[in-house]
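Novice: Pasting a structure below so you can have a look.
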Amino acid sequence: MAKTAQPRPDAPNDRLEVTVVVPTFNERANVAKLVSKVEAVLSGKRWQIIFVDDNSPDGTAAEVKAIAAEDSRVQCLHRMGRRGLAGAVIEGILASAAPFVAVMDGDLQHDERLLPKMLQALQEDQADLVVGSRYVGGTEADASALGATREAGSRFANWLGQKVLQVQLSDPMSGFFMIRRDRVDSVAPKLATDGFKILFDIVACQTTPIRTLELPYTFRAREAGDSKL
């Protein structure tokens, strides 16, 4: 997919505002669509998107690099010999120089239209962490999109997380959130690189209270690729 090359920011008023980190495995068919969706909702913002790919056999990394060759806002971290959602997210966040970092899946199930609202809340200092939640504001995860087994597991994990964390979150296992990057940098050495509980881990490792805000969204059905679970 060819895209118009974008100039790298070099002036003070062109400083990067937000990085979107997308951990991927076998998501080649979704890459171009996701870049287009992020570009549309973050129009007028200074953003970048970092795909962290665990050497997908379907050529996901090659697809990202082909787009990145034409658009400097797109980057690929191609991991070899390393696997795991949490580790991929951590590496992507640590590779960012933006003050705010979003994390979302590459399967198009997260609603990218929340990204501007998340960014606004952080820029206006309403919170340190904004979570896309499937369980607030009258929204509910669609069992047909999530799958019955994953739906049951998600609900149990969230219940357990709410019991453990000192922060009130309806969806502490969410894979869709935006956070001040310095709040991750400060706890990065403590974070587990295996597993799928990266948001839970980031919140649990904080040494000072973290202000949170949850925004509702509806979990979409997967269009292509395979679930990382």
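Every chain in the structure tokens has a letter given in the order shown (A, B, ...), and although residue numbers restart at 1 in each chain, ligands are simply numbered from 1 in the order shown.
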Identify, on the basis of only C-alpha atoms, every residue whose closest approach to stretch 121-129 of chain A does not exceed 6 Å; exclude the query and any residue fewer than 4 positions from it along the same chain; express the result as a list in words.
Specialist: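 Near stretch 121-129 of chain A, the qualifying residues are Met178, Ile179, Arg180, Arg211 and Thr212 of chain A.
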Novice: Kindly provide the residues of stretch 22-77 of chain A that approach stretch 91-95 of chain A to within 10 Å, each paired with its closest atom pair and their distance in Å to one decimal, based on only C-alpha atoms, listed by chain and increasing number, as a tab-separated table.
Specialist:
residue	atom	partner	partner_atom	distance
A:Val22	CA	A:Gly92	CA	7.8
A:Pro23	CA	A:Gly92	CA	8.0
A:Ile49	CA	A:Gly92	CA	9.5
A:Ile50	CA	A:Gly92	CA	6.5
A:Phe51	CA	A:Gly92	CA	7.6
A:Val52	CA	A:Gly92	CA	6.3
A:Asp53	CA	A:Gly92	CA	9.9
A:Gln75	CA	A:Gly92	CA	10.0
A:Cys76	CA	A:Gly92	CA	9.3
A:Leu77	CA	A:Gly92	CA	7.5
Novice: Would you return as a PyMOL selection string the members of stretch 13-137 of chain A that DSSP assigns to strand (DSSP E) on this structure's backbone?
Specialist: chain A and resi 18-24+47-53+74-78+100-103+129-133
Novice: So, with only C-alpha atoms as the atoms that count, which of A:Leu213, A:Val89, A:Leu169, A:Val136 lies closest to A:Lys197?
Specialist: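 Looking at the shortest contact to A:Lys197, the residue is A:Val89.
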Novice: Can you list every residue in stretch 70-128 of chain A that DSSP puts in helix (DSSP H, G or I), as a list in words?
Specialist: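 Here is the list: Leu85, Ala86, Gly87, Ala88, Val89, Ile90, Glu91, Gly92, Ile93, Leu94, Glu112, Arg113, Leu114, Leu115, Pro116, Lys117, Met118, Leu119, Gln120, Ala121, Leu122 and Gln123 of chain A.
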Novice: Export, as a PDB file, in the first residue's frame, the selected residues with N, CA and C atoms.
Specialist:
ATOM      1  N   LEU A  85       2.671 -10.876  24.474  1.00  0.00           N
ATOM      2  CA  LEU A  85       1.988  -9.596  24.328  1.00  0.00           C
ATOM      3  C   LEU A  85       2.570  -8.536  25.245  1.00  0.00           C
ATOM      4  N   ALA A  86       2.756  -8.866  26.522  1.00  0.00           N
ATOM      5  CA  ALA A  86       3.234  -7.869  27.490  1.00  0.00           C
ATOM      6  C   ALA A  86       4.606  -7.339  27.093  1.00  0.00           C
ATOM      7  N   GLY A  87       5.514  -8.242  26.746  1.00  0.00           N
ATOM      8  CA  GLY A  87       6.851  -7.817  26.361  1.00  0.00           C
ATOM      9  C   GLY A  87       6.843  -6.931  25.128  1.00  0.00           C
ATOM     10  N   ALA A  88       5.985  -7.253  24.160  1.00  0.00           N
ATOM     11  CA  ALA A  88       5.880  -6.449  22.945  1.00  0.00           C
ATOM     12  C   ALA A  88       5.388  -5.038  23.271  1.00  0.00           C
ATOM     13  N   VAL A  89       4.389  -4.949  24.138  1.00  0.00           N
ATOM     14  CA  VAL A  89       3.855  -3.644  24.526  1.00  0.00           C
ATOM     15  C   VAL A  89       4.925  -2.819  25.236  1.00  0.00           C
ATOM     16  N   ILE A  90       5.641  -3.442  26.161  1.00  0.00           N
ATOM     17  CA  ILE A  90       6.679  -2.727  26.907  1.00  0.00           C
ATOM     18  C   ILE A  90       7.756  -2.195  25.962  1.00  0.00           C
ATOM     19  N   GLU A  91       8.217  -3.032  25.032  1.00  0.00           N
ATOM     20  CA  GLU A  91       9.247  -2.595  24.093  1.00  0.00           C
ATOM     21  C   GLU A  91       8.751  -1.447  23.214  1.00  0.00           C
ATOM     22  N   GLY A  92       7.500  -1.530  22.804  1.00  0.00           N
ATOM     23  CA  GLY A  92       6.945  -0.462  21.980  1.00  0.00           C
ATOM     24  C   GLY A  92       6.858   0.855  22.727  1.00  0.00           C
ATOM     25  N   ILE A  93       6.413   0.800  23.975  1.00  0.00           N
ATOM     26  CA  ILE A  93       6.310   2.021  24.772  1.00  0.00           C
ATOM     27  C   ILE A  93       7.687   2.621  25.030  1.00  0.00           C
ATOM     28  N   LEU A  94       8.661   1.772  25.350  1.00  0.00           N
ATOM     29  CA  LEU A  94      10.005   2.266  25.638  1.00  0.00           C
ATOM     30  C   LEU A  94      10.687   2.818  24.390  1.00  0.00           C
ATOM     31  N   GLU A 112     -10.872   2.696  17.315  1.00  0.00           N
ATOM     32  CA  GLU A 112      -9.874   3.769  17.196  1.00  0.00           C
ATOM     33  C   GLU A 112     -10.475   5.155  17.389  1.00  0.00           C
ATOM     34  N   ARG A 113     -11.792   5.288  17.295  1.00  0.00           N
ATOM     35  CA  ARG A 113     -12.428   6.595  17.456  1.00  0.00           C
ATOM     36  C   ARG A 113     -12.296   7.123  18.881  1.00  0.00           C
ATOM     37  N   LEU A 114     -11.898   6.266  19.820  1.00  0.00           N
ATOM     38  CA  LEU A 114     -11.667   6.711  21.196  1.00  0.00           C
ATOM     39  C   LEU A 114     -10.339   7.439  21.350  1.00  0.00           C
ATOM     40  N   LEU A 115      -9.414   7.242  20.420  1.00  0.00           N
ATOM     41  CA  LEU A 115      -8.063   7.788  20.576  1.00  0.00           C
ATOM     42  C   LEU A 115      -8.045   9.313  20.784  1.00  0.00           C
ATOM     43  N   PRO A 116      -8.794  10.104  20.004  1.00  0.00           N
ATOM     44  CA  PRO A 116      -8.774  11.554  20.240  1.00  0.00           C
ATOM     45  C   PRO A 116      -9.297  11.939  21.621  1.00  0.00           C
ATOM     46  N   LYS A 117     -10.328  11.234  22.108  1.00  0.00           N
ATOM     47  CA  LYS A 117     -10.875  11.519  23.432  1.00  0.00           C
ATOM     48  C   LYS A 117      -9.877  11.162  24.522  1.00  0.00           C
ATOM     49  N   MET A 118      -9.190  10.044  24.334  1.00  0.00           N
ATOM     50  CA  MET A 118      -8.164   9.651  25.287  1.00  0.00           C
ATOM     51  C   MET A 118      -7.056  10.700  25.348  1.00  0.00           C
ATOM     52  N   LEU A 119      -6.597  11.115  24.183  1.00  0.00           N
ATOM     53  CA  LEU A 119      -5.514  12.100  24.110  1.00  0.00           C
ATOM     54  C   LEU A 119      -5.927  13.423  24.727  1.00  0.00           C
ATOM     55  N   GLN A 120      -7.138  13.863  24.444  1.00  0.00           N
ATOM     56  CA  GLN A 120      -7.617  15.121  25.009  1.00  0.00           C
ATOM     57  C   GLN A 120      -7.644  15.073  26.532  1.00  0.00           C
ATOM     58  N   ALA A 121      -8.121  13.962  27.085  1.00  0.00           N
ATOM     59  CA  ALA A 121      -8.193  13.827  28.543  1.00  0.00           C
ATOM     60  C   ALA A 121      -6.816  13.911  29.176  1.00  0.00           C
ATOM     61  N   LEU A 122      -5.825  13.301  28.540  1.00  0.00           N
ATOM     62  CA  LEU A 122      -4.472  13.341  29.088  1.00  0.00           C
ATOM     63  C   LEU A 122      -3.843  14.719  28.907  1.00  0.00           C
ATOM     64  N   GLN A 123      -4.036  15.320  27.753  1.00  0.00           N
ATOM     65  CA  GLN A 123      -3.464  16.644  27.509  1.00  0.00           C
ATOM     66  C   GLN A 123      -4.072  17.706  28.422  1.00  0.00           C
TER      67      GLN A 123
END
Novice: Any idea what's packed within 10 Å of A:Pro189, counting only C-alpha atoms, ignoring anything in its chain fewer than 4 positions away? Could you give it as a ChimeraX atom specification?
Specialist: /A:90,184-185,193,205
Novice: Which one is closest to A:Thr60: A:Ala98, A:Leu16, A:Gly84, A:Gly106? Count only C-alpha atoms.
Specialist: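 Selected residue with least distance to A:Thr60: A:Gly106.
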Novice: Hey, can you check how far atom CA of A:Ala204 sits from atom CA of A:Gln48?
Specialist: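 Taking atom CA of A:Ala204 as the start and atom CA of A:Gln48 as the end point, the length is 27.3 Å.
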